Structure formats: structure tokens, C-alpha cells
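Below: the structure, in C-alpha cells.
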Amino acid sequence: MKANDALAARLPPGQYVARDFPVLHVGGVPRFDAATWRFRIFGEVERPQELTWDEFMKLPTRTVKADIHCVTRWSKFDTTWQGVPFKAIMELARPTAEARFVLTHSENGYTANLPLSIVDDDRVLLAHTYEGKPLEPIHGGPMRMFVPQRYFWKSTKWCNGVEFRREDDPGFWELRGYNNDADPWREERYW
């Protein structure tokens, strides 16, 4: 298999390869203050948590190299992210047996929903570093959810909370017509 064929096999249907990192979001870029920032873990968990930035940054980290895919049709190959594995958040909070979904919360009231089976994956991070540098605010810094196996809107920018839920509850974009599952390999873009 030629190198170009190998790259083409990594490109989901309807996507093109972007060399830059396009910026898309609704609303302004929130200001980050490490002294007041809090990350809530709540809902169907045995041990709800509220972490400061310093506490969050002391959690275990992992580096993940993955392709990312945006619903607006761009893909970027071989991106490198570092952050707290979502599995570490699960170990910290201990979701109850009834928890089947996660709703990520963000500044500006933004949310994204995912099945627990998707986020319980070694590649899923609460990422604070991109390509070896602190994640820029325009890309969701200081921290964003990182879910490489779904369209990128599921990787909530400026993430400040994770709610474990029994029932699925559509997030911000899902309420506005985006597909609930967001699998780029199935082109699950819109309802």
C-alpha cells in the first residue's frame, strides 16, 4: 500500500485533509483564571468532586496521537494531545451502575452528550496540551474534552464539568439538528 493510499484509508467519507487547525465555535472565548476555575464531576457518581486547576493538573496524564474530524468536513491527521485520561475521572468519581451517559459542560452554557461506552476508552482525554504546548484558548484552553472517535463538536471546548447520567440528554449542537452519535465513519453529521 502506498503512503497516499494509507492516508486516504484514514479519511472518513466526505472529509478533506486540513493542514492548519480551523477555529469554529459559538460565542466569545472565555477568560481563564486559574484561581477561580473549577471542574465539577457530578450526577450518577458515588463520589462527586469539584477540583481546582491545581488539583486537576495533579491528576495522571497520558499522551494520545490521533486524527480529528470536524463535521464541517475537515480532518487533521496525527495530532498529539496530552491530558487527564477520562478513565482517571471515572476512577476518581466512581459512576454508579445506573450511569450510561455523560454530558460534558462548558463555559457559556455549552454541553455535549456521549454514551459512557464511548468515553470509557484509552484515547479519550480531558486535554490541556496540544502538540507539546498548553492548549490555546481559541482551541478550548485551558482544557477541552478530547474524543477522537467522534466528530470534533463532541470534544467540548472550555470543559468545566462532567455529569454522569442515566438518560441521554441532547447537547447544544444536538438540539440544533446535529446527529446524536456523530460517528465520522458513518457520516452522522445531522439528524
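For the C-alpha cells, the naming scheme is as follows: chains receive sequential letters (A, B, ...) according to their order of presentation, residues are indexed from 1 within each chain, and ligands are indexed from 1 in presentation order.
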Exercise for the section: With a distance cut-off of 7 Å and only C-alpha atoms, select the neighbouring residues of Lys76 in chain A, excluding the residue or stretch itself and same-chain residues fewer than 5 positions from it, and output the selection as number ranges by chain. Expected result: A: 17-19, 67-69
Residues near range 79-96 of chain A, cut-off 8 Å, only C-alpha atoms, skip fewer than 5 positions along chain, as a short mmCIF file (atom, residue, chain, number, x, y, z; two decimals) with N, CA and C atoms, in the first residue's frame:
data_model
loop_
_atom_site.label_atom_id
_atom_site.label_comp_id
_atom_site.auth_asym_id
_atom_site.auth_seq_id
_atom_site.Cartn_x
_atom_site.Cartn_y
_atom_site.Cartn_z
N ILE A 41 -17.48 17.18 38.81
CA ILE A 41 -17.83 15.82 38.41
C ILE A 41 -19.03 15.46 39.26
N PHE A 42 -20.16 15.22 38.62
CA PHE A 42 -21.39 15.07 39.40
C PHE A 42 -22.39 14.18 38.67
N GLU A 44 -24.69 10.80 38.47
CA GLU A 44 -24.74 9.40 38.92
C GLU A 44 -23.34 8.89 39.25
N VAL A 45 -22.77 9.43 40.35
CA VAL A 45 -21.45 9.01 40.82
C VAL A 45 -21.50 8.79 42.33
N GLU A 46 -20.64 7.91 42.80
CA GLU A 46 -20.55 7.67 44.23
C GLU A 46 -19.82 8.79 44.95
N ARG A 47 -18.85 9.40 44.24
CA ARG A 47 -18.02 10.43 44.88
C ARG A 47 -17.98 11.69 44.01
N PRO A 48 -18.97 12.56 44.14
CA PRO A 48 -18.92 13.83 43.40
C PRO A 48 -17.66 14.60 43.77
N GLN A 49 -17.14 15.35 42.82
CA GLN A 49 -15.90 16.08 43.03
C GLN A 49 -16.03 17.51 42.49
N LEU A 59 -3.63 15.32 38.48
CA LEU A 59 -4.15 14.01 38.09
C LEU A 59 -3.22 13.37 37.07
N PRO A 60 -3.28 12.05 36.95
CA PRO A 60 -2.42 11.36 35.97
C PRO A 60 -2.67 11.89 34.56
N THR A 61 -1.65 11.86 33.73
CA THR A 61 -1.79 12.31 32.34
C THR A 61 -1.38 11.21 31.38
N ARG A 62 -1.82 11.40 30.16
CA ARG A 62 -1.49 10.48 29.08
C ARG A 62 -1.35 11.30 27.81
N THR A 63 -0.53 10.82 26.89
CA THR A 63 -0.39 11.44 25.58
C THR A 63 -1.06 10.53 24.55
N VAL A 64 -1.84 11.14 23.68
CA VAL A 64 -2.56 10.40 22.64
C VAL A 64 -2.29 11.08 21.29
N LYS A 65 -1.93 10.27 20.32
CA LYS A 65 -1.77 10.75 18.95
C LYS A 65 -2.95 10.19 18.15
N ALA A 66 -3.72 11.10 17.53
CA ALA A 66 -4.93 10.66 16.84
C ALA A 66 -5.30 11.65 15.74
N ASP A 67 -6.11 11.17 14.82
CA ASP A 67 -6.69 12.03 13.79
C ASP A 67 -7.95 12.66 14.38
N ILE A 68 -8.26 13.88 13.94
CA ILE A 68 -9.51 14.54 14.36
C ILE A 68 -10.32 14.89 13.12
N VAL A 119 -16.81 7.14 25.93
CA VAL A 119 -15.77 7.85 26.68
C VAL A 119 -14.91 6.93 27.54
N ASP A 120 -15.37 5.71 27.77
CA ASP A 120 -14.59 4.72 28.52
C ASP A 120 -13.59 4.06 27.56
N ASP A 121 -12.67 4.87 27.08
CA ASP A 121 -11.73 4.48 26.03
C ASP A 121 -10.38 5.13 26.34
N ASP A 122 -9.32 4.42 26.12
CA ASP A 122 -7.98 4.94 26.46
C ASP A 122 -7.60 6.20 25.70
N ARG A 123 -8.23 6.46 24.55
CA ARG A 123 -7.89 7.64 23.76
C ARG A 123 -8.60 8.91 24.22
N VAL A 124 -9.63 8.78 25.04
CA VAL A 124 -10.43 9.94 25.46
C VAL A 124 -9.73 10.64 26.62
N LEU A 125 -9.54 11.94 26.45
CA LEU A 125 -8.82 12.75 27.44
C LEU A 125 -9.61 14.00 27.79
N LEU A 126 -9.24 14.58 28.92
CA LEU A 126 -9.55 15.97 29.23
C LEU A 126 -8.22 16.67 28.96
N ALA A 127 -8.10 17.17 27.74
CA ALA A 127 -6.81 17.60 27.20
C ALA A 127 -6.48 19.05 27.54
N HIS A 128 -5.26 19.27 28.02
CA HIS A 128 -4.78 20.60 28.34
C HIS A 128 -3.56 20.99 27.51
N THR A 129 -3.04 20.04 26.72
CA THR A 129 -1.84 20.28 25.92
C THR A 129 -2.07 19.77 24.51
N TYR A 130 -1.67 20.59 23.53
CA TYR A 130 -1.78 20.22 22.12
C TYR A 130 -0.42 20.45 21.46
N GLU A 131 0.10 19.43 20.82
CA GLU A 131 1.40 19.49 20.14
C GLU A 131 2.50 20.03 21.07
N GLY A 132 2.46 19.59 22.32
CA GLY A 132 3.51 19.91 23.28
C GLY A 132 3.40 21.26 23.96
N PHE A 164 -22.50 12.56 34.92
CA PHE A 164 -22.85 11.18 34.60
C PHE A 164 -24.37 11.04 34.74
#
Exercise for the section: Please provide the set of residues having any atom within 8 Å of Arg100 in chain A, restricted to only C-alpha atoms, with same-chain residues fewer than 4 positions apart removed, written as a list of chain:residue names. Expected result: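 Returned residues: A:Pro115, A:Leu116, A:Ser117, A:Phe164, A:Arg165, A:Arg166, A:Glu167, A:Asp168.
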File of the preceding selection, C-alpha atoms, as a PDB file, in the first residue's frame:
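Done, and the output landed in result_1.pdb:
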ATOM      1  CA  PRO A 115     -22.603   7.323  25.781  1.00  0.00           C
ATOM      2  CA  LEU A 116     -20.407   6.126  28.633  1.00  0.00           C
ATOM      3  CA  SER A 117     -19.271   3.281  26.354  1.00  0.00           C
ATOM      4  CA  PHE A 164     -22.853  11.179  34.596  1.00  0.00           C
ATOM      5  CA  ARG A 165     -26.466  10.397  33.681  1.00  0.00           C
ATOM      6  CA  ARG A 166     -28.937   7.530  33.466  1.00  0.00           C
ATOM      7  CA  GLU A 167     -30.679   9.014  30.431  1.00  0.00           C
ATOM      8  CA  ASP A 168     -29.284  10.551  27.283  1.00  0.00           C
TER       9      ASP A 168
END
Practice task
Would you list, as a PyMOL selection string, the residues of range 85-173 of chain A that end up in strand (DSSP E or B) under DSSP run on this structure's backbone?
Solution key: chain A and resi 85+95+101-106+111-115+125-130+133-134+144-146+159-165
Problem - Selected residue of minimal separation from Ala9 in chain A among A:Trp191, A:His139, A:Phe77, A:Asp169, counting only C-alpha atoms - result: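 Result for the nearest residue to Ala9 in chain A: A:Phe77.
Interatomic distance, CA of Pro148 in chain A against CA of Asn113 in chain A: 14.4 Å.
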Practice task
Fewer than 3 positions away in the same chain doesn't count, so skip those; otherwise give me all residues within 6 Å of range 173-179 of chain A, counting only C-alpha atoms, as a PyMOL selection string.
Solution key: chain A and resi 170+182+188-191
Handout entry: Those of range 13-102 of chain A in DSSP helix (DSSP H, G or I), formatted as JSON, numbers by chain
Key = {"A": [53, 54, 55, 56, 57, 86, 87, 88, 89, 90, 91, 92, 93]}
Pull N, CA and C atoms from the residues just selected and write them as a compact mmCIF listing (two decimals), in the first residue's frame.
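The resulting file, result-v1.txt, is reproduced below:
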# COMPACT_ATOMS: atom_id res chain seq x y z
N TRP A 53 -7.93 24.13 39.51
CA TRP A 53 -7.00 23.91 38.41
C TRP A 53 -5.75 23.17 38.90
N ASP A 54 -5.22 23.55 40.06
CA ASP A 54 -4.04 22.87 40.59
C ASP A 54 -4.32 21.40 40.88
N GLU A 55 -5.47 21.11 41.45
CA GLU A 55 -5.84 19.71 41.73
C GLU A 55 -6.01 18.93 40.43
N PHE A 56 -6.66 19.54 39.45
CA PHE A 56 -6.86 18.89 38.16
C PHE A 56 -5.51 18.56 37.51
N MET A 57 -4.58 19.50 37.56
CA MET A 57 -3.28 19.30 36.92
C MET A 57 -2.40 18.28 37.63
N PHE A 86 -9.90 10.10 30.55
CA PHE A 86 -11.25 10.09 31.09
C PHE A 86 -11.43 8.94 32.08
N LYS A 87 -10.74 7.85 31.85
CA LYS A 87 -10.83 6.72 32.78
C LYS A 87 -10.38 7.12 34.19
N ALA A 88 -9.43 8.05 34.31
CA ALA A 88 -8.99 8.53 35.63
C ALA A 88 -10.12 9.29 36.33
N ILE A 89 -10.91 10.03 35.55
CA ILE A 89 -12.07 10.73 36.12
C ILE A 89 -13.09 9.72 36.61
N MET A 90 -13.28 8.65 35.84
CA MET A 90 -14.22 7.60 36.26
C MET A 90 -13.75 6.92 37.54
N GLU A 91 -12.45 6.66 37.64
CA GLU A 91 -11.91 6.04 38.85
C GLU A 91 -12.06 6.97 40.05
N LEU A 92 -11.86 8.24 39.84
CA LEU A 92 -11.97 9.23 40.91
C LEU A 92 -13.41 9.34 41.43
N ALA A 93 -14.37 9.39 40.52
CA ALA A 93 -15.76 9.66 40.89
C ALA A 93 -16.60 8.40 41.08
Completion exercise
Nearest to Ile138 in chain A, restricted to only C-alpha atoms and choosing among A:Gly171, A:Pro30, A:Gly161, A:Gly109, comes out as A:Pro30
Practice task
Measuring atom to atom with only C-alpha atoms, identify which of A:Glu107, A:Asp78, A:Asp5, A:Asp20 is nearest to Asn160 in chain A.
Solution key: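 Smallest separation from Asn160 in chain A among the options: A:Glu107.
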Problem - Å distance separating CA of Pro184 in chain A from CA of Glu98 in chain A, one decimal place - result: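 Going from CA of Pro184 in chain A over to CA of Glu98 in chain A covers 28.0 Å.
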Exercise for the section: Name the residues in contact with Asp33 in chain A at a cut-off of 12 Å, using only C-alpha atoms, excluding same-chain residues fewer than 3 positions from it; report them as JSON, numbers by chain. Expected result: {"A": [30, 36, 37, 38, 52, 53, 54, 137, 141, 142]}
Can those selected residues be exported to a file as a PDB file, in the first residue's frame so that it contains C-alpha atoms?
ATOM      1  CA  PRO A  30     -13.952  32.714  27.825  1.00  0.00           C
ATOM      2  CA  THR A  36     -11.329  30.637  40.306  1.00  0.00           C
ATOM      3  CA  TRP A  37     -11.575  27.807  37.726  1.00  0.00           C
ATOM      4  CA  ARG A  38     -13.430  24.719  38.940  1.00  0.00           C
ATOM      5  CA  THR A  52      -9.384  23.411  41.336  1.00  0.00           C
ATOM      6  CA  TRP A  53      -6.996  23.913  38.406  1.00  0.00           C
ATOM      7  CA  ASP A  54      -4.038  22.875  40.588  1.00  0.00           C
ATOM      8  CA  PRO A 137      -7.907  29.485  24.485  1.00  0.00           C
ATOM      9  CA  GLY A 141      -7.887  26.051  26.544  1.00  0.00           C
ATOM     10  CA  PRO A 142      -7.201  25.684  29.304  1.00  0.00           C
TER      11      PRO A 142
END
